[in-house]
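J.: Here it is, the structure, as structure tokens.
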Amino acid sequence: MANPDPAPRVLEALNALYNTTDPAAKDQANHWLEEFQKTPEAWTTSDLLLRSVQLQAEPRLFAAQTFRQKVPLNLPSVVPCPIAIIARTLSFYCCFSVCSEAWNLTLTSLLPVLQITYDLAELDSSARASLRDSLLDLLHQFRAGPRMITTQLCLSLAGLALQMREWKGVVQQFIKLYGGSVETAPCLLEFLTVLPEEVNHNHRIPISDEEYKERATELLSENSEEVLKLLLVYMQGAGTNSDMHARVFQCLLSWLKSGDIDVGPLATNPLLGMSFDALQSDALFDVAVDVVCEIIHETKDITDYMPAIGQIYPRLHPLREALRRYRDEDDGDRVRGYCRIFVEAGESYLPLVVQHPDAFRGIVEGIAECTAFHDLEIVPMTFNFWYQLAIALVEPRHQEVKIRFEDVYDQLVDVILGHLRYPDDLSIWAAEERDEFRNFRHIMGDTLKDCCVVLGPRRCLAKPYEILTRVLGTAAAKPALATAVTATESATPAWQDVEAAIFSLRAMGAEVPDKESEIMPQIMDMLGKLPDHPKIRYAATLVISRYSGWTRLHPQFIPYQLNFISTGFENEEVAAASALALKHLCKDCSEVGRDNFTSVAMLFPPCKFCLK
């Protein structure tokens with residue numbers, strides 16, 4: 001039989017959950033609370049706990065989240081609520097008051113979303129109206145925080161608004177209740193922020209498509225203009241209150257992502273300029289980046305949004321100077337944010353970049369500066385743009401435009417060669433770091449292929465060729481390549497420079513035609529003359545493996561390559577690469593070099609010795 005007054009039992013279970021050291025007691029309390037949240041009594045008990053001002057934060061938060069999770073309709077599955085996990089992490093905060101800053105920060109960073117049975121179907125229309133009024137009253141009680149409880153109540157009300165077709169004028173009601181003072185404005189902004197997210201992303205609410213479209217229109221589309229005006233009023237009246245500014249931007253971002261704010265009129269709204277200006281603020285930078293990127297993304301249909309783009313693009317120019325400044329200061333977080341903006345602009349406005357290369361070249365150069373940054377977590381953010389641009393430039397109708405961007409791709413090859421380089425302190429890297437770097441190099445190799453598509457393989461091959469000729473001191477010995485090889489310092493590069501150049505040759509292999517007969521023969525001649533370092537040898541052996549199709553049309557290199565491969569079997573670090581190269585060489589070149597392969601069996605004894 002159900003307890004007629006379960007509140008004391010709830011408090012007792014929460015106390016055991018947070019304070020006892022007995023694991024069995026914690027598990028028992030956790031299980032009881034999970035089951036309780038599924039009961040009809042949880043509605044009234046949660047309301048009672050939230051209204052009990054003398055209670056500390058744990059029971060009130062438990063009550064708020066019980067409301068949040070019971071508002072959606074029934075689902076067929078039940079996922080256990082990880083209350084015990086929360087308790088183990090936060091138990092030592094139990095003595096804090098509701099308004100404790102430490103408590104709020106801990107909840108914000110650690111508390112998972114509870115998932116339990118959903119019971120709104122238990123309530124008739126009259127009870128739903130009473131629930132709505134009760135939640136509104138509770139929200140007013142917690143209008144000043146803590147924010148986690150306010151957010152849960154706002155989510156409950158947003159979910160309820162989506163399902164209560166009889167609840168009209170929801171947004172107007174909230175504006176009337178909470179929009180009239182500075183004290184309650186954060187509460188209003190919190191509801192307006194979560195409303196689009198709940199409407200568009202809470203797929204746990206099984207209402208019909210017709211009902212959803214009707215309510216989404218009533219809640220979002222019909223209120224977007226009023227919300228935009230409200231946000232501007234708050235922004236202009238917030239002065240230097242960065243917390244209010246951040247809340248406004250978060251709300252604007254939520255409505256932009258929902259697609260209910262038309263970015264066309266936004267182009268003439270002061271909020272556009274404010275969003276770019278906020279990039280100068282340390283406190284607002286992250287959310288400002290999100291807003292700017294979303295605005296750019298929403299204007300990617302250049303046919304409809306050219307007037308808006310005309311307002312946005314000039315605001316990108318000053319960002320390049322800021323990007324350079326933070327790059328010089330080695331501020332990776334700021335560089336990452338600006339990189340996101342430039343990449344979003346490049347991908348969204350790619351047709352304009354190709355149609356008007358001189359006018360929109362600044363975007364491309366901004367992305368190139370991001371690619372050149374040393375942080376290898378930021379660099380890959382630009383790769384998709386280089387691929388998309390390369391695909392567009394190789395179209396026959398864009399041949400003249402391609403020429404205008406060849407200098408950018410030429411510099412890009414140099415940048416990638418630098419990023420491919422193993423660090424000098426490789427020995428202190430953990431195994432996981434080495435694996436991540438190896439994976440990164442293979443991903444970056446795809447961008448080298450994009451460079452080959454734009455520049456042609458000969459121009460790209462000339463870059464690693466220059467490095468190899470420098471190592472051997474023969475840069476001046478090949479007049480045919482004099483235009484590709486520039487004067488360099490006389491010092492011999494480290495093995496990392498040589499290995500990076502050889503690795504790039506392998507990465508470019510898919511774009512180098514088998515008939516190439518100008519640079520590749522000279523590179524093949526150089527492989528056996530390079531410094532005898534295991535990583536250089538390993539990379540050179542894999543070049544032979546990658547270019548076995550090329551060797552088929554240049555069989556004069558087969559004896560030399562077989563000998564090179566054979567020597568590699570004697571080195572444990574190179575043996576695997578030698579086996580792969582031998583396999584590909586035998587597969588692709590056996591018909592043209594049959595006489596040379598009669599001695600292949602002689603290669604196996606050292607291989608077996610090495611593997612043993």
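So you can find residues: chains in the structure tokens are A, B, ... in the order shown, residues in each start at 1, and ligands are numbered from 1 in order.
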Write out as a ChimeraX atom specification each polymer residue whose atoms come within 9 Å of Asn384 in chain A, counting only C-alpha atoms; drop sequence neighbours fewer than 4 positions from it.
T.: /A:343,347,380,388-389,447
J.: Please write the residues from the selection above to a file, keeping N, CA, C and O atoms, as a PDB file, in the first residue's frame.
T.:
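out11.pdb, freshly written:
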```pdb
ATOM      1  N   VAL A 343      36.166  29.245 -41.130  1.00  0.00           N
ATOM      2  CA  VAL A 343      35.815  28.007 -41.831  1.00  0.00           C
ATOM      3  C   VAL A 343      34.320  27.984 -42.153  1.00  0.00           C
ATOM      4  O   VAL A 343      33.924  27.586 -43.257  1.00  0.00           O
ATOM      5  N   GLU A 347      32.974  27.711 -45.988  1.00  0.00           N
ATOM      6  CA  GLU A 347      32.113  26.640 -46.468  1.00  0.00           C
ATOM      7  C   GLU A 347      30.733  27.160 -46.876  1.00  0.00           C
ATOM      8  O   GLU A 347      30.140  26.675 -47.843  1.00  0.00           O
ATOM      9  N   PRO A 380      42.981  20.442 -38.285  1.00  0.00           N
ATOM     10  CA  PRO A 380      42.020  19.637 -39.062  1.00  0.00           C
ATOM     11  C   PRO A 380      40.673  20.308 -39.271  1.00  0.00           C
ATOM     12  O   PRO A 380      39.920  19.879 -40.160  1.00  0.00           O
ATOM     13  N   GLN A 388      36.658  21.076 -50.353  1.00  0.00           N
ATOM     14  CA  GLN A 388      35.542  21.637 -51.103  1.00  0.00           C
ATOM     15  C   GLN A 388      36.012  22.667 -52.123  1.00  0.00           C
ATOM     16  O   GLN A 388      35.520  22.701 -53.258  1.00  0.00           O
ATOM     17  N   LEU A 389      36.950  23.502 -51.737  1.00  0.00           N
ATOM     18  CA  LEU A 389      37.464  24.513 -52.667  1.00  0.00           C
ATOM     19  C   LEU A 389      38.187  23.858 -53.833  1.00  0.00           C
ATOM     20  O   LEU A 389      38.034  24.284 -54.988  1.00  0.00           O
ATOM     21  N   THR A 447      44.675  16.172 -47.542  1.00  0.00           N
ATOM     22  CA  THR A 447      44.743  17.572 -47.960  1.00  0.00           C
ATOM     23  C   THR A 447      45.887  17.781 -48.946  1.00  0.00           C
ATOM     24  O   THR A 447      45.792  18.623 -49.853  1.00  0.00           O
TER      25      THR A 447
END
```
J.: Tell me which protein, DNA and RNA residues are within 10 Å of range 264-277 of chain A, counting only C-alpha atoms, leaving out same-chain ones fewer than 6 positions away, and put them as JSON, numbers by chain.
T.: {"A": [225, 228, 229, 231, 232, 235, 236, 245, 248, 249, 252, 284, 285, 287, 288, 289, 290, 291, 292, 295, 298, 299, 304, 305, 306, 307, 308, 309, 310, 311, 312, 315, 316, 318, 319]}
J.: Which residues come within 10 Å of Phe503 in chain A, counting only C-alpha atoms, excluding same-chain residues fewer than 5 positions away, as a PDB file with N, CA, C and O atoms, in the first residue's frame?
T.:
```
ATOM      1  N   LEU A 417      53.812  20.115 -44.960  1.00  0.00           N
ATOM      2  CA  LEU A 417      55.118  19.473 -44.764  1.00  0.00           C
ATOM      3  C   LEU A 417      55.653  19.775 -43.362  1.00  0.00           C
ATOM      4  O   LEU A 417      56.270  18.913 -42.721  1.00  0.00           O
ATOM      5  N   LEU A 420      53.648  17.682 -40.860  1.00  0.00           N
ATOM      6  CA  LEU A 420      53.949  16.251 -40.951  1.00  0.00           C
ATOM      7  C   LEU A 420      55.203  15.879 -40.167  1.00  0.00           C
ATOM      8  O   LEU A 420      55.427  14.693 -39.878  1.00  0.00           O
ATOM      9  N   ARG A 421      55.986  16.851 -39.824  1.00  0.00           N
ATOM     10  CA  ARG A 421      57.280  16.604 -39.200  1.00  0.00           C
ATOM     11  C   ARG A 421      57.109  16.041 -37.788  1.00  0.00           C
ATOM     12  O   ARG A 421      56.373  16.583 -36.970  1.00  0.00           O
ATOM     13  N   ARG A 441      48.560  12.414 -39.340  1.00  0.00           N
ATOM     14  CA  ARG A 441      49.358  12.543 -40.560  1.00  0.00           C
ATOM     15  C   ARG A 441      48.638  11.918 -41.753  1.00  0.00           C
ATOM     16  O   ARG A 441      48.691  12.446 -42.870  1.00  0.00           O
ATOM     17  N   HIS A 442      47.984  10.810 -41.539  1.00  0.00           N
ATOM     18  CA  HIS A 442      47.267  10.182 -42.652  1.00  0.00           C
ATOM     19  C   HIS A 442      46.075  11.036 -43.090  1.00  0.00           C
ATOM     20  O   HIS A 442      45.790  11.146 -44.284  1.00  0.00           O
ATOM     21  N   GLY A 445      47.346  13.852 -45.066  1.00  0.00           N
ATOM     22  CA  GLY A 445      47.762  13.434 -46.397  1.00  0.00           C
ATOM     23  C   GLY A 445      46.661  13.636 -47.426  1.00  0.00           C
ATOM     24  O   GLY A 445      46.946  13.893 -48.613  1.00  0.00           O
ATOM     25  N   PRO A 464      58.875  18.172 -51.715  1.00  0.00           N
ATOM     26  CA  PRO A 464      59.741  17.203 -51.028  1.00  0.00           C
ATOM     27  C   PRO A 464      61.042  16.956 -51.787  1.00  0.00           C
ATOM     28  O   PRO A 464      62.073  16.656 -51.155  1.00  0.00           O
ATOM     29  N   ASP A 497      62.845  16.206 -40.853  1.00  0.00           N
ATOM     30  CA  ASP A 497      62.531  16.918 -42.089  1.00  0.00           C
ATOM     31  C   ASP A 497      62.538  15.975 -43.288  1.00  0.00           C
ATOM     32  O   ASP A 497      61.676  16.056 -44.167  1.00  0.00           O
ATOM     33  N   VAL A 498      63.511  15.083 -43.309  1.00  0.00           N
ATOM     34  CA  VAL A 498      63.626  14.139 -44.425  1.00  0.00           C
ATOM     35  C   VAL A 498      62.452  13.172 -44.402  1.00  0.00           C
ATOM     36  O   VAL A 498      61.811  12.900 -45.430  1.00  0.00           O
ATOM     37  N   MET A 508      50.895  11.696 -51.553  1.00  0.00           N
ATOM     38  CA  MET A 508      50.516  12.218 -52.868  1.00  0.00           C
ATOM     39  C   MET A 508      50.328  11.125 -53.916  1.00  0.00           C
ATOM     40  O   MET A 508      49.859  11.397 -55.020  1.00  0.00           O
ATOM     41  N   ILE A 536      63.602   7.050 -41.587  1.00  0.00           N
ATOM     42  CA  ILE A 536      63.750   7.451 -42.989  1.00  0.00           C
ATOM     43  C   ILE A 536      63.660   6.223 -43.881  1.00  0.00           C
ATOM     44  O   ILE A 536      62.986   6.222 -44.924  1.00  0.00           O
ATOM     45  N   TYR A 538      62.193   3.383 -43.220  1.00  0.00           N
ATOM     46  CA  TYR A 538      60.825   2.870 -43.177  1.00  0.00           C
ATOM     47  C   TYR A 538      59.935   3.642 -44.152  1.00  0.00           C
ATOM     48  O   TYR A 538      59.193   3.055 -44.958  1.00  0.00           O
ATOM     49  N   ALA A 539      60.019   4.977 -44.086  1.00  0.00           N
ATOM     50  CA  ALA A 539      59.191   5.810 -44.961  1.00  0.00           C
ATOM     51  C   ALA A 539      59.560   5.617 -46.425  1.00  0.00           C
ATOM     52  O   ALA A 539      58.679   5.553 -47.298  1.00  0.00           O
ATOM     53  N   ALA A 540      60.861   5.501 -46.720  1.00  0.00           N
ATOM     54  CA  ALA A 540      61.291   5.320 -48.109  1.00  0.00           C
ATOM     55  C   ALA A 540      60.825   3.979 -48.657  1.00  0.00           C
ATOM     56  O   ALA A 540      60.436   3.871 -49.831  1.00  0.00           O
ATOM     57  N   LEU A 542      58.125   2.396 -47.808  1.00  0.00           N
ATOM     58  CA  LEU A 542      56.696   2.498 -48.092  1.00  0.00           C
ATOM     59  C   LEU A 542      56.427   3.337 -49.339  1.00  0.00           C
ATOM     60  O   LEU A 542      55.389   3.161 -49.990  1.00  0.00           O
ATOM     61  N   VAL A 543      57.325   4.239 -49.687  1.00  0.00           N
ATOM     62  CA  VAL A 543      57.195   4.954 -50.966  1.00  0.00           C
ATOM     63  C   VAL A 543      57.327   3.969 -52.122  1.00  0.00           C
ATOM     64  O   VAL A 543      56.565   4.006 -53.097  1.00  0.00           O
TER      65      VAL A 543
END
```
J.: Here is a test: counting only C-alpha atoms, which residue of A:Glu466, A:Asp424, A:Glu344, A:Asp588 is nearest to Trp550 in chain A?
T.: A:Asp588
J.: Write out as a ChimeraX atom specification which residues come within 12 Å of Met444 in chain A when counting only C-alpha atoms, dropping same-chain ones fewer than 3 positions away.
T.: /A:371,376-377,379-384,386-387,412-413,415-421,437-441,447-451,500,503-504,506-508
J.: Could you find all residues in range 125-196 of chain A that DSSP calls alpha helix (DSSP H) from the backbone, and write them as number ranges by chain?
T.: A: 125-141, 147-163, 170-178, 185-196
